[in-house]
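*Asks:* This is the structure I want to talk about, given as structure tokens.
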Amino acid sequence: MTFFKTLATAAAFTLLSVSAQAEHIKVGDLTVSKAWTRATPPNAKAGAGFVTVTNNGSEADRLVGVSSAVAERTEIHEMAVVDGVMKMRELETGVEIPAGETVTLKPGGLHIMFMGLKGKFIENEDVPVTLTFEKAGTVDVHLAVAPMGSKEMSHDHGGDHKHDDHSGHGKN
């Protein structure tokens with residue numbers, strides 16, 4: 001009987017996790033969704049993270065910082081083709097989230113850059129990240145880890161499945 005109780009408990013936690021994956025994280029006037037990253041090889045020194053931010057407010061906000069204990073440095077980056085050459089650079093002033101619009105950090109464009117990884121990103125686990133917005137404040141997000149080489153978050157992974165809202169910490 002104990003085996004069945006354990007199995008039932010595991011199933012309940014799985015259902016809670018799956019249902020929570022579909023939720024959107026609210027911080028101030030912003031909604032953060034589709035938070036994900038890709039699995040990395042064992043000795044990888046860098047990784048990237050992706051997230052969608054929708055501004056439901058009447059004023060622009062700005063993603064000004066990102067931090068995580070999984071890497072020595074975490075930055076907001078842009079990948080762009082300049083004179084036929086793909087270049088990546090840190091966006092020192094962050095990313096504007098215009099009022100009433102959605103900005104997606106995705107492969108091949110804007111993204112979170114993890115440098116000096118302290119361990120590998122393991123598929124089906126998650127990577128904790130703190131996003132800091134100029135007006136909305138900070139929010140902790142967990143990036144769901146998709147398989148290596150993924151171009152987008154699969155339907156099996158909803159991202160943003162764990163969070164701690166710290167919206168009171170920013171300017172309003």
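Note on naming: chains are A, B, ... as they come in the structure tokens, residues start from 1 per chain, ligands start from 1 in the order shown.
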With only C-alpha atoms as the counted atoms, please give the residues lying no more than 6 Å from segment 28-44 of chain A, apart from itself and same-chain residues fewer than 5 positions off, as a PyMOL selection string.
*Replies:* chain A and resi 49-57+120-123+136+143-148+159-160+167
*Asks:* Selection from above, N, CA and C atoms, as a PDB file, in the first residue's frame, can you write it?
*Replies:*
```
ATOM      1  N   GLY A  49      19.751  31.883 -22.075  1.00  0.00           N
ATOM      2  CA  GLY A  49      18.402  31.756 -21.540  1.00  0.00           C
ATOM      3  C   GLY A  49      17.446  32.622 -22.330  1.00  0.00           C
ATOM      4  N   PHE A  50      16.183  32.244 -22.310  1.00  0.00           N
ATOM      5  CA  PHE A  50      15.180  32.910 -23.126  1.00  0.00           C
ATOM      6  C   PHE A  50      13.906  33.129 -22.318  1.00  0.00           C
ATOM      7  N   VAL A  51      13.217  34.203 -22.611  1.00  0.00           N
ATOM      8  CA  VAL A  51      12.014  34.557 -21.864  1.00  0.00           C
ATOM      9  C   VAL A  51      11.201  35.548 -22.691  1.00  0.00           C
ATOM     10  N   THR A  52       9.900  35.569 -22.473  1.00  0.00           N
ATOM     11  CA  THR A  52       9.017  36.535 -23.124  1.00  0.00           C
ATOM     12  C   THR A  52       8.472  37.469 -22.052  1.00  0.00           C
ATOM     13  N   VAL A  53       8.493  38.783 -22.329  1.00  0.00           N
ATOM     14  CA  VAL A  53       8.001  39.784 -21.381  1.00  0.00           C
ATOM     15  C   VAL A  53       6.950  40.636 -22.083  1.00  0.00           C
ATOM     16  N   THR A  54       5.757  40.697 -21.499  1.00  0.00           N
ATOM     17  CA  THR A  54       4.672  41.521 -22.030  1.00  0.00           C
ATOM     18  C   THR A  54       4.428  42.671 -21.072  1.00  0.00           C
ATOM     19  N   ASN A  55       4.387  43.881 -21.608  1.00  0.00           N
ATOM     20  CA  ASN A  55       4.133  45.072 -20.802  1.00  0.00           C
ATOM     21  C   ASN A  55       2.657  45.425 -20.947  1.00  0.00           C
ATOM     22  N   ASN A  56       1.894  45.215 -19.883  1.00  0.00           N
ATOM     23  CA  ASN A  56       0.460  45.506 -19.874  1.00  0.00           C
ATOM     24  C   ASN A  56       0.172  46.919 -19.389  1.00  0.00           C
ATOM     25  N   GLY A  57       1.216  47.694 -19.130  1.00  0.00           N
ATOM     26  CA  GLY A  57       1.055  49.037 -18.592  1.00  0.00           C
ATOM     27  C   GLY A  57       0.989  50.104 -19.674  1.00  0.00           C
ATOM     28  N   LYS A 120      26.661  21.943 -15.445  1.00  0.00           N
ATOM     29  CA  LYS A 120      25.896  21.845 -16.693  1.00  0.00           C
ATOM     30  C   LYS A 120      24.405  22.046 -16.431  1.00  0.00           C
ATOM     31  N   PHE A 121      23.690  22.481 -17.464  1.00  0.00           N
ATOM     32  CA  PHE A 121      22.240  22.594 -17.410  1.00  0.00           C
ATOM     33  C   PHE A 121      21.692  21.231 -17.836  1.00  0.00           C
ATOM     34  N   ILE A 122      20.873  20.632 -16.997  1.00  0.00           N
ATOM     35  CA  ILE A 122      20.390  19.277 -17.214  1.00  0.00           C
ATOM     36  C   ILE A 122      18.935  19.303 -17.678  1.00  0.00           C
ATOM     37  N   GLU A 123      18.680  18.615 -18.797  1.00  0.00           N
ATOM     38  CA  GLU A 123      17.345  18.547 -19.380  1.00  0.00           C
ATOM     39  C   GLU A 123      16.310  18.142 -18.334  1.00  0.00           C
ATOM     40  N   ALA A 136       9.346  47.874 -12.593  1.00  0.00           N
ATOM     41  CA  ALA A 136       8.571  46.799 -11.956  1.00  0.00           C
ATOM     42  C   ALA A 136       9.315  46.127 -10.810  1.00  0.00           C
ATOM     43  N   LEU A 143      14.118  28.904 -15.312  1.00  0.00           N
ATOM     44  CA  LEU A 143      14.111  28.555 -16.727  1.00  0.00           C
ATOM     45  C   LEU A 143      14.061  27.035 -16.857  1.00  0.00           C
ATOM     46  N   ALA A 144      13.048  26.525 -17.534  1.00  0.00           N
ATOM     47  CA  ALA A 144      12.955  25.089 -17.784  1.00  0.00           C
ATOM     48  C   ALA A 144      14.057  24.716 -18.769  1.00  0.00           C
ATOM     49  N   VAL A 145      14.713  23.581 -18.546  1.00  0.00           N
ATOM     50  CA  VAL A 145      15.822  23.170 -19.408  1.00  0.00           C
ATOM     51  C   VAL A 145      15.312  22.196 -20.476  1.00  0.00           C
ATOM     52  N   ALA A 146      15.373  22.652 -21.738  1.00  0.00           N
ATOM     53  CA  ALA A 146      14.983  21.869 -22.903  1.00  0.00           C
ATOM     54  C   ALA A 146      16.190  21.064 -23.394  1.00  0.00           C
ATOM     55  N   PRO A 147      15.981  20.133 -24.299  1.00  0.00           N
ATOM     56  CA  PRO A 147      17.107  19.355 -24.830  1.00  0.00           C
ATOM     57  C   PRO A 147      18.157  20.234 -25.519  1.00  0.00           C
ATOM     58  N   MET A 148      19.398  19.750 -25.560  1.00  0.00           N
ATOM     59  CA  MET A 148      20.480  20.454 -26.244  1.00  0.00           C
ATOM     60  C   MET A 148      20.072  20.752 -27.682  1.00  0.00           C
ATOM     61  N   GLY A 159       8.228  26.298 -19.024  1.00  0.00           N
ATOM     62  CA  GLY A 159       9.032  27.377 -18.461  1.00  0.00           C
ATOM     63  C   GLY A 159       8.300  28.016 -17.299  1.00  0.00           C
ATOM     64  N   ASP A 160       8.853  29.051 -16.774  1.00  0.00           N
ATOM     65  CA  ASP A 160       8.317  29.822 -15.663  1.00  0.00           C
ATOM     66  C   ASP A 160       7.500  28.993 -14.667  1.00  0.00           C
ATOM     67  N   SER A 167       7.929  42.020  -6.451  1.00  0.00           N
ATOM     68  CA  SER A 167       7.564  43.239  -7.152  1.00  0.00           C
ATOM     69  C   SER A 167       7.602  44.474  -6.248  1.00  0.00           C
TER      70      SER A 167
END
```
*Asks:* Could you check which of A:Lys106, A:Lys45, A:His111, A:Lys118 is closest to Ser68 of chain A, using only C-alpha atoms?
*Replies:*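 Looking only at the distances to Ser68 of chain A, the closest residue turns out to be A:Lys118.
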*Asks:* What is the atom CA of Gly100 of chain A-atom CA of His142 of chain A distance in Å, reported with one decimal?
*Replies:*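 Between these atoms lies a distance of 24.5 Å.
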*Asks:* Could you find all residues in segment 50-167 of chain A that DSSP calls strand (DSSP E) from the backbone, and write them as a ChimeraX atom specification?
*Replies:* /A:50-55,61-67,71-82,85-90,95-97,102-105,110-117,126-133,137-146,163-166
*Asks:* So which one's closest to Met88 of chain A, A:Val70, A:Leu131, A:Gly109, A:Met153? Using only C-alpha atoms, please.
*Replies:*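 Result for the nearest residue to Met88 of chain A: A:Gly109.
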